[in-house]
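The data block below is data.csv; it holds CSV, C-alpha atoms (C1' of nucleotides).
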chain,number,residue,atom,x,y,z
A,18,MET,CA,105.9,83.8,114.3
A,19,PRO,CA,102.6,82.6,112.8
A,20,GLU,CA,101.8,80.7,109.7
A,21,GLY,CA,98.5,78.8,109.8
A,22,HIS,CA,99.9,75.9,111.9
A,23,THR,CA,100.7,78.1,114.8
A,24,ILE,CA,97.2,79.4,115.1
A,25,HIS,CA,95.5,76.1,114.6
A,26,ARG,CA,97.7,74.6,117.3
A,27,ALA,CA,96.9,77.4,119.7
A,28,ALA,CA,93.1,77.0,118.9
A,29,ARG,CA,93.2,73.3,119.6
A,30,ASP,CA,95.2,73.7,122.8
A,31,HIS,CA,93.2,76.7,124.1
A,32,HIS,CA,89.9,75.0,123.2
A,33,ARG,CA,90.8,72.1,125.4
A,34,ALA,CA,91.9,74.3,128.2
A,35,PHE,CA,89.1,77.0,128.1
A,36,ALA,CA,85.9,75.7,126.4
A,37,GLY,CA,83.0,75.8,128.9
A,38,GLN,CA,84.9,77.8,131.4
A,39,LYS,CA,84.4,81.3,132.8
A,40,LEU,CA,87.5,83.3,131.9
A,41,SER,CA,89.0,86.3,133.7
A,42,ILE,CA,90.1,88.7,130.9
A,43,SER,CA,92.3,91.6,131.5
A,44,SER,CA,94.5,94.1,129.7
A,45,PRO,CA,97.7,94.3,131.7
A,46,GLN,CA,99.2,97.2,129.8
A,47,GLY,CA,95.8,98.9,129.5
A,48,ARG,CA,95.9,98.8,125.8
A,49,PHE,CA,92.8,96.7,125.4
A,50,SER,CA,90.8,97.8,128.4
A,51,ASP,CA,87.5,98.4,126.6
A,52,GLY,CA,87.5,95.0,124.9
A,53,ALA,CA,88.6,93.2,128.0
A,54,CYS,CA,85.6,94.7,129.9
A,55,LEU,CA,83.2,93.4,127.3
A,56,LEU,CA,84.5,89.9,127.7
A,57,ASN,CA,85.6,89.6,131.3
A,58,ALA,CA,83.9,86.9,133.4
A,59,GLN,CA,82.2,85.4,130.3
A,60,ILE,CA,82.1,81.7,129.5
A,61,CYS,CA,84.2,80.7,126.6
A,62,GLU,CA,82.3,78.4,124.2
A,63,THR,CA,84.8,77.6,121.5
A,64,VAL,CA,88.3,78.5,120.3
A,65,GLU,CA,88.7,78.2,116.6
A,66,ALA,CA,91.2,79.1,113.9
A,67,PHE,CA,90.4,80.4,110.4
A,68,GLY,CA,93.6,80.6,108.5
A,69,LYS,CA,95.9,82.8,110.6
A,70,HIS,CA,93.0,84.2,112.6
A,71,LEU,CA,92.2,83.1,116.1
A,72,VAL,CA,88.7,83.4,117.4
A,73,TYR,CA,87.5,82.9,120.9
A,74,MET,CA,83.7,82.7,121.1
A,75,PHE,CA,81.9,83.7,124.3
A,76,GLN,CA,78.5,82.9,125.6
A,77,ASN,CA,77.4,86.5,125.3
A,78,LYS,CA,77.8,86.1,121.5
A,79,LEU,CA,80.8,88.3,121.3
A,80,ALA,CA,84.1,87.0,120.1
A,81,LEU,CA,87.8,87.9,120.7
A,82,HIS,CA,89.5,88.2,117.3
A,83,ILE,CA,93.3,87.9,117.3
A,84,HIS,CA,95.7,88.2,114.4
A,85,LEU,CA,99.4,87.9,115.3
A,86,GLY,CA,100.8,89.7,112.3
A,87,LEU,CA,104.5,89.2,111.7
A,88,PHE,CA,105.7,89.0,115.3
A,89,GLY,CA,102.9,88.6,117.7
A,90,LYS,CA,103.2,85.8,120.2
A,91,ILE,CA,100.9,83.6,122.3
A,92,ARG,CA,102.0,82.0,125.5
A,93,LYS,CA,100.0,79.6,127.6
A,94,LEU,CA,101.1,78.6,131.0
A,95,PRO,CA,99.7,76.8,134.0
A,96,LEU,CA,98.7,78.9,137.0
A,97,PRO,CA,99.8,80.7,139.1
A,98,LEU,CA,99.8,83.9,137.2
A,99,LYS,CA,103.2,85.3,136.3
A,100,SER,CA,104.0,88.9,135.7
A,101,PRO,CA,103.6,89.8,132.0
A,102,LYS,CA,106.6,89.3,129.9
A,103,GLY,CA,107.0,92.1,127.3
A,104,ALA,CA,104.0,94.0,125.9
A,105,VAL,CA,101.0,91.8,126.8
A,106,ARG,CA,97.9,93.1,125.1
A,107,VAL,CA,95.4,90.7,126.6
A,108,ARG,CA,95.5,88.0,129.3
A,109,MET,CA,92.9,85.3,129.7
A,110,ALA,CA,92.8,83.0,132.7
A,111,SER,CA,90.8,80.0,133.8
A,112,THR,CA,91.1,78.2,137.1
A,113,THR,CA,94.0,76.2,135.7
A,114,HIS,CA,95.8,78.1,133.0
A,115,PHE,CA,96.4,81.6,131.5
A,116,VAL,CA,97.2,82.8,128.1
A,117,ASP,CA,99.1,86.0,127.3
A,118,ILE,CA,99.0,87.6,123.8
A,119,ASN,CA,101.8,89.8,122.8
A,120,GLY,CA,102.1,92.2,119.9
A,121,PRO,CA,99.1,91.2,117.8
A,122,THR,CA,98.2,93.5,114.8
A,123,ILE,CA,94.6,92.7,115.4
A,124,CYS,CA,93.1,92.4,118.9
A,125,GLU,CA,89.4,93.2,118.9
A,126,VAL,CA,85.9,92.2,119.9
A,127,LEU,CA,83.5,91.2,117.1
A,128,ASN,CA,79.9,90.3,117.0
A,129,GLN,CA,78.6,87.3,115.1
A,130,GLU,CA,77.9,89.3,111.9
A,131,GLU,CA,81.5,90.6,111.9
A,132,ILE,CA,82.9,87.1,112.5
A,133,ASP,CA,80.9,85.8,109.5
A,134,ALA,CA,82.3,88.7,107.4
A,135,LEU,CA,85.8,87.7,108.5
A,136,ILE,CA,85.3,84.1,107.5
A,137,ASN,CA,83.7,85.1,104.2
A,138,ARG,CA,86.6,87.1,103.1
A,139,LEU,CA,89.1,84.3,103.7
A,140,GLY,CA,89.7,81.6,101.1
A,141,PRO,CA,89.5,77.9,102.1
A,142,ASP,CA,91.8,77.0,104.9
A,143,VAL,CA,94.0,74.0,104.1
A,144,LEU,CA,93.9,72.9,107.7
A,145,ARG,CA,90.1,72.8,108.0
A,146,PRO,CA,88.3,69.6,107.0
A,147,ASP,CA,85.4,71.6,105.6
A,148,ALA,CA,87.6,73.4,103.1
A,149,ASN,CA,86.7,73.3,99.4
A,150,PRO,CA,89.8,73.5,97.3
A,151,GLU,CA,87.7,74.0,94.2
A,152,VAL,CA,87.1,77.6,95.3
A,153,SER,CA,90.9,78.3,95.4
A,154,PHE,CA,91.5,76.7,92.1
A,155,GLN,CA,88.9,78.8,90.3
A,156,LYS,CA,90.5,82.0,91.7
A,157,ILE,CA,94.0,80.9,90.7
A,158,GLN,CA,92.9,79.9,87.2
A,159,GLN,CA,91.4,83.3,86.7
A,160,SER,CA,94.5,85.2,87.7
A,161,GLY,CA,97.5,86.3,85.7
A,162,LEU,CA,99.5,86.9,89.0
A,163,PRO,CA,102.4,84.6,89.8
A,164,ILE,CA,101.5,81.4,91.7
A,165,GLY,CA,104.0,82.4,94.4
A,166,ARG,CA,101.8,85.4,95.2
A,167,LEU,CA,98.5,83.6,94.9
A,168,ILE,CA,99.2,80.8,97.3
A,169,MET,CA,100.0,83.3,100.1
A,170,ASP,CA,97.0,85.4,99.4
A,171,GLN,CA,94.7,84.6,102.3
A,172,SER,CA,91.6,85.4,100.3
A,173,ILE,CA,92.6,82.6,97.9
A,174,ILE,CA,94.1,80.0,100.2
A,175,ALA,CA,94.1,80.6,104.0
A,176,GLY,CA,97.0,79.4,106.1
A,177,ILE,CA,100.2,79.5,104.0
A,178,GLY,CA,102.9,81.9,105.0
A,179,ASN,CA,106.2,83.0,103.6
A,180,ILE,CA,108.3,80.0,104.5
A,181,TYR,CA,105.8,77.4,103.4
A,182,ARG,CA,105.3,79.2,100.1
A,183,THR,CA,108.9,78.8,99.0
A,184,GLU,CA,109.1,75.2,100.4
A,185,ILE,CA,105.8,73.9,98.9
A,186,LEU,CA,106.7,75.2,95.4
A,187,TRP,CA,110.1,73.7,95.6
A,188,ARG,CA,108.8,70.3,96.8
A,189,GLN,CA,106.3,70.3,93.9
A,190,ALA,CA,108.8,71.5,91.3
A,191,ILE,CA,106.7,74.6,90.4
A,192,HIS,CA,108.3,77.9,89.6
A,193,PRO,CA,106.9,80.7,91.7
A,194,GLU,CA,106.7,83.1,88.7
A,195,ILE,CA,104.3,80.9,86.7
A,196,PRO,CA,101.0,82.8,86.3
A,197,GLY,CA,98.0,81.3,88.0
A,198,ARG,CA,96.1,80.7,84.8
A,199,ALA,CA,99.0,78.4,83.6
A,200,ILE,CA,98.7,76.1,86.6
A,201,SER,CA,97.0,72.8,85.7
A,202,ARG,CA,94.5,71.2,88.0
A,203,GLN,CA,96.9,68.5,88.8
A,204,ALA,CA,99.6,71.0,89.8
A,205,PHE,CA,97.1,72.8,91.9
A,206,ASP,CA,96.1,69.6,93.6
A,207,ARG,CA,99.7,68.9,94.4
A,208,ILE,CA,100.1,72.3,96.0
A,209,TRP,CA,97.0,72.0,98.0
A,210,ASP,CA,97.7,68.5,99.2
A,211,ASP,CA,101.3,69.3,100.1
A,212,ALA,CA,100.2,72.5,102.0
A,213,ALA,CA,97.6,70.5,104.0
A,214,TYR,CA,100.2,67.8,104.7
A,215,LEU,CA,103.0,70.2,105.8
A,216,LEU,CA,100.8,72.5,107.9
A,217,ALA,CA,99.4,69.5,109.7
A,218,ILE,CA,103.0,68.4,110.4
A,219,GLY,CA,103.6,71.9,111.7
A,220,VAL,CA,100.7,71.7,114.1
A,221,LYS,CA,101.9,68.4,115.4
A,222,LYS,CA,105.6,69.4,115.8
A,223,ASN,CA,105.0,73.0,116.6
A,224,ALA,CA,107.6,74.0,114.0
A,225,ILE,CA,107.9,74.5,110.3
A,226,ILE,CA,109.5,71.4,109.0
A,227,THR,CA,109.5,70.7,105.3
A,228,VAL,CA,112.4,68.2,104.8
A,229,ASP,CA,111.0,64.7,104.4
A,230,GLU,CA,113.9,63.0,106.2
A,231,LYS,CA,113.4,65.2,109.2
A,232,ILE,CA,109.6,64.8,109.1
A,233,ASN,CA,110.1,61.0,109.2
A,234,SER,CA,112.7,60.9,111.9
A,235,LYS,CA,112.7,61.7,115.6
A,236,LYS,CA,116.1,63.3,115.6
A,237,ARG,CA,116.4,66.9,116.6
A,238,SER,CA,119.3,67.5,114.3
A,239,GLY,CA,119.0,68.2,110.6
A,240,GLU,CA,117.8,70.9,108.3
A,241,LYS,CA,114.2,72.0,108.8
A,242,TYR,CA,113.9,73.7,105.4
A,243,ASN,CA,115.0,72.5,101.9
A,244,ILE,CA,115.8,75.9,100.2
A,245,PHE,CA,114.4,78.7,102.3
A,246,GLY,CA,117.3,80.9,103.4
A,247,LYS,CA,119.8,78.6,101.7
A,248,ALA,CA,122.4,79.2,99.0
A,249,SER,CA,122.1,76.0,97.0
A,250,CYS,CA,119.6,73.3,96.1
A,251,PRO,CA,119.8,70.1,98.1
A,252,LYS,CA,118.5,68.1,95.2
A,253,CYS,CA,120.7,69.2,92.2
A,254,GLY,CA,123.4,71.3,94.0
A,255,GLU,CA,122.8,74.4,91.8
A,256,GLY,CA,122.8,77.8,93.3
A,257,LEU,CA,119.4,79.2,94.3
A,258,ARG,CA,118.0,82.5,93.0
A,259,ARG,CA,116.8,84.9,95.6
A,260,LEU,CA,113.8,86.9,94.8
A,261,GLU,CA,111.2,89.1,96.4
A,262,ILE,CA,107.5,88.6,96.1
A,263,ASN,CA,105.5,91.4,97.7
A,264,LYS,CA,108.6,92.6,99.5
A,265,ARG,CA,109.0,89.2,101.2
A,266,ARG,CA,112.0,87.0,100.5
A,267,ALA,CA,111.6,83.9,98.4
A,268,PHE,CA,113.8,81.3,96.8
A,269,VAL,CA,113.7,79.2,93.7
A,270,CYS,CA,115.9,76.5,92.1
A,271,GLU,CA,115.7,77.4,88.4
A,272,THR,CA,116.8,73.8,87.5
A,273,CYS,CA,114.4,71.9,89.7
A,274,GLN,CA,111.5,74.4,89.2
A,275,PRO,CA,111.6,75.1,85.5
A,276,LEU,CA,109.6,78.1,84.3
A,277,LEU,CA,107.4,76.2,81.8
A,278,ASN,CA,104.3,77.4,80.0
A,279,HIS,CA,102.3,74.3,80.9
A,280,ILE,CA,102.6,72.3,84.0
A,281,ASN,CA,101.5,68.8,84.3
B,289,DT,C1',120.7,102.5,117.3
B,290,DT,C1',119.9,99.6,113.1
B,291,DG,C1',118.2,96.0,110.7
B,292,DA,C1',115.7,92.0,110.0
B,293,DT,C1',111.6,89.1,110.7
B,294,DT,C1',106.9,82.8,109.8
B,295,DG,C1',101.8,89.5,108.2
B,296,DT,C1',98.0,92.4,106.6
B,297,DT,C1',95.5,96.4,105.1
B,298,DA,C1',94.6,101.0,103.1
B,299,DC,C1',95.3,104.1,99.7
B,300,DC,C1',97.0,106.1,95.4
B,301,DG,C1',98.1,105.9,90.6
B,302,DG,C1',98.5,103.9,86.0
C,182,DT,C1',89.0,96.4,87.3
C,183,DC,C1',93.3,94.8,87.9
C,184,DC,C1',97.7,95.3,89.6
C,185,DG,C1',102.1,97.6,91.5
C,186,DG,C1',104.0,100.4,94.9
C,187,DT,C1',104.2,102.5,99.4
C,188,DA,C1',103.3,103.4,104.2
C,189,DA,C1',101.7,102.0,108.5
C,190,DC,C1',101.4,99.0,112.4
C,191,DA,C1',103.2,95.4,115.7
C,192,DA,C1',107.5,93.4,119.2
C,193,DT,C1',111.8,91.4,119.9
C,194,DC,C1',116.5,90.2,119.3
C,195,DA,C1',121.3,90.4,117.7
Write out the structure in this file as structure tokens.
Amino acid sequence: MPEGHTIHRAARDHHRAFAGQKLSISSPQGRFSDGACLLNAQICETVEAFGKHLVYMFQNKLALHIHLGLFGKIRKLPLPLKSPKGAVRVRMASTTHFVDINGPTICEVLNQEEIDALINRLGPDVLRPDANPEVSFQKIQQSGLPIGRLIMDQSIIAGIGNIYRTEILWRQAIHPEIPGRAISRQAFDRIWDDAAYLLAIGVKKNAIITVDEKINSKKRSGEKYNIFGKASCPKCGEGLRRLEINKRRAFVCETCQPLLNHIN
DNA sequence: TTGATTGTTACCGG
DNA sequence: TCCGGTAACAATCA
């Protein structure tokens, strides 16, 4: 479910609905009872996203930290409360709405120090205006690992997931197996800018859409991805190569994304 | 029941 | 230190 856009969208939405309100926090399946007790009936101050991490800050200086992992889900609905659908770990309710969180890999209460540590171990988040891309570029330039790995490493750039990885590199004509240290500053800037652009589209549309024609039209029809999960390249028509990067599927068009030593 | 899936971390070994 | 590999965990759906 989540790449960075999902979490940022939820943060924005939940902040609007919950900031300044006293929340009733419960653990319907009893799998987060201790944490829910620490936060129940506290006033929510902010809801913020850091990469794929969602953080609800409360007035007692404790925070709820959520990471959805591969298949966690967030649902927000207007009251009245409905019976939990599936395995709901934690439920938060104001006087108008409630949020259910299903299947997160991380669901924990952190203090301020722990939140700081979390933020510090993440790289700059392409969706945050305060992000400094220079930090990401330095790390990429010092690494011999393939760029396809590096841009999905959350300690280097926060927010990009598996689908965006393949799509961004195709859009920028950069082969995923080029080592980080061979990526020029200009090529890095194109990756960063395109990531920021596409993730922002994702926040707005609540979907991963990387095909320009679809981004710029209101139609519901049309392909959402250029090459992810596809057999051939929409630009040149050649067959795509399927590969695995860290056990995750990836795609490349060897014609449009040549494996060069130097990228301009 | 099996497999696949928009993710991450810990740990071991070279 | 860097890097690859593996396992573990999470929930749902076809």
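The smallest atom-to-atom distance between chain B and any of A:Asp170, A:Glu261, A:Glu271, A:Asp117, using only C-alpha atoms (C1' of nucleotides), is found for A:Asp170.
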Can you pull out every residue within 10 Å of stretch 87-103 of chain A, counting only C-alpha atoms (C1' of nucleotides), but drop anything in the same chain fewer than 4 positions away, and send it as a tab-separated table (two decimals) with C-alpha atoms (C1' of nucleotides), in the coordinates of the input?
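The new file out-v3.tsv reads:
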chain	number	residue	atom	x	y	z
A	18	MET	CA	105.90	83.80	114.30
A	19	PRO	CA	102.60	82.60	112.80
A	20	GLU	CA	101.80	80.70	109.70
A	23	THR	CA	100.70	78.10	114.80
A	24	ILE	CA	97.20	79.40	115.10
A	27	ALA	CA	96.90	77.40	119.70
A	30	ASP	CA	95.20	73.70	122.80
A	31	HIS	CA	93.20	76.70	124.10
A	34	ALA	CA	91.90	74.30	128.20
A	45	PRO	CA	97.70	94.30	131.70
A	46	GLN	CA	99.20	97.20	129.80
A	83	ILE	CA	93.30	87.90	117.30
A	107	VAL	CA	95.40	90.70	126.60
A	108	ARG	CA	95.50	88.00	129.30
A	109	MET	CA	92.90	85.30	129.70
A	110	ALA	CA	92.80	83.00	132.70
A	111	SER	CA	90.80	80.00	133.80
A	112	THR	CA	91.10	78.20	137.10
A	113	THR	CA	94.00	76.20	135.70
A	114	HIS	CA	95.80	78.10	133.00
A	115	PHE	CA	96.40	81.60	131.50
A	116	VAL	CA	97.20	82.80	128.10
A	117	ASP	CA	99.10	86.00	127.30
A	118	ILE	CA	99.00	87.60	123.80
A	119	ASN	CA	101.80	89.80	122.80
A	120	GLY	CA	102.10	92.20	119.90
A	121	PRO	CA	99.10	91.20	117.80
A	122	THR	CA	98.20	93.50	114.80
A	123	ILE	CA	94.60	92.70	115.40
B	293	DT	C1'	111.60	89.10	110.70
B	294	DT	C1'	106.90	82.80	109.80
B	295	DG	C1'	101.80	89.50	108.20
B	296	DT	C1'	98.00	92.40	106.60
C	191	DA	C1'	103.20	95.40	115.70
C	192	DA	C1'	107.50	93.40	119.20
C	193	DT	C1'	111.80	91.40	119.90
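The interatomic distance for the pair atom CA of A:Ser44 and atom CA of A:Ile60 works out to 17.5 Å.
Note that the spacing between atom CA of A:Thr183 and atom CA of A:Leu276 amounts to 14.7 Å.
Checking A:Ile262, A:Leu40, A:Val143, A:Met169 one by one against chain C, counting all atoms listed in the file, you find the shortest gap at A:Ile262.
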Practice task
Quick one: everything within 12 Å of C:DC183, counting only C-alpha atoms (C1' of nucleotides), minus sequence neighbours fewer than 4 positions away in the same chain. Send it as number ranges by chain.
Solution key: A: 159-162; B: 302
Practice task
Skip C:DA188 itself and residues of its chain fewer than 3 positions away, then list as a list in words all residues within 12 Å of it, counting all atoms listed in the file.
Solution key: DT297, DA298, DC299 and DC300 of chain B
Could you write those residues out with C-alpha atoms (C1' of nucleotides), as a PDB file, in the frame of the given file?
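Saved as again.pdb:
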ATOM      1  C1'  DT B 297      95.500  96.400 105.100  1.00  0.00           C
ATOM      2  C1'  DA B 298      94.600 101.000 103.100  1.00  0.00           C
ATOM      3  C1'  DC B 299      95.300 104.100  99.700  1.00  0.00           C
ATOM      4  C1'  DC B 300      97.000 106.100  95.400  1.00  0.00           C
TER       5       DC B 300
END
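Taking atom CA of A:Arg188 as the reference point, atom CA of A:Val228 is found at 9.0 Å.
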Take chain B from the preceding structure and save C-alpha atoms (C1' of nucleotides) as a compact mmCIF listing (two decimals), in the first residue's frame.
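What ended up in decode_24.txt:
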# COMPACT_ATOMS: atom_id res chain seq x y z
C1' DT B 289 -3.88 -23.73 0.58
C1' DT B 290 -0.51 -21.04 -2.24
C1' DG B 291 1.51 -17.20 -3.98
C1' DA B 292 2.08 -12.48 -4.63
C1' DT B 293 2.32 -7.81 -2.89
C1' DT B 294 3.48 0.04 -3.30
C1' DG B 295 8.41 -2.42 3.26
C1' DT B 296 12.01 -2.69 6.81
C1' DT B 297 15.25 -4.53 10.10
C1' DA B 298 18.40 -7.81 12.32
C1' DC B 299 21.87 -10.88 11.87
C1' DC B 300 25.56 -13.63 9.77
C1' DG B 301 29.47 -14.23 6.78
C1' DG B 302 32.90 -12.94 3.33
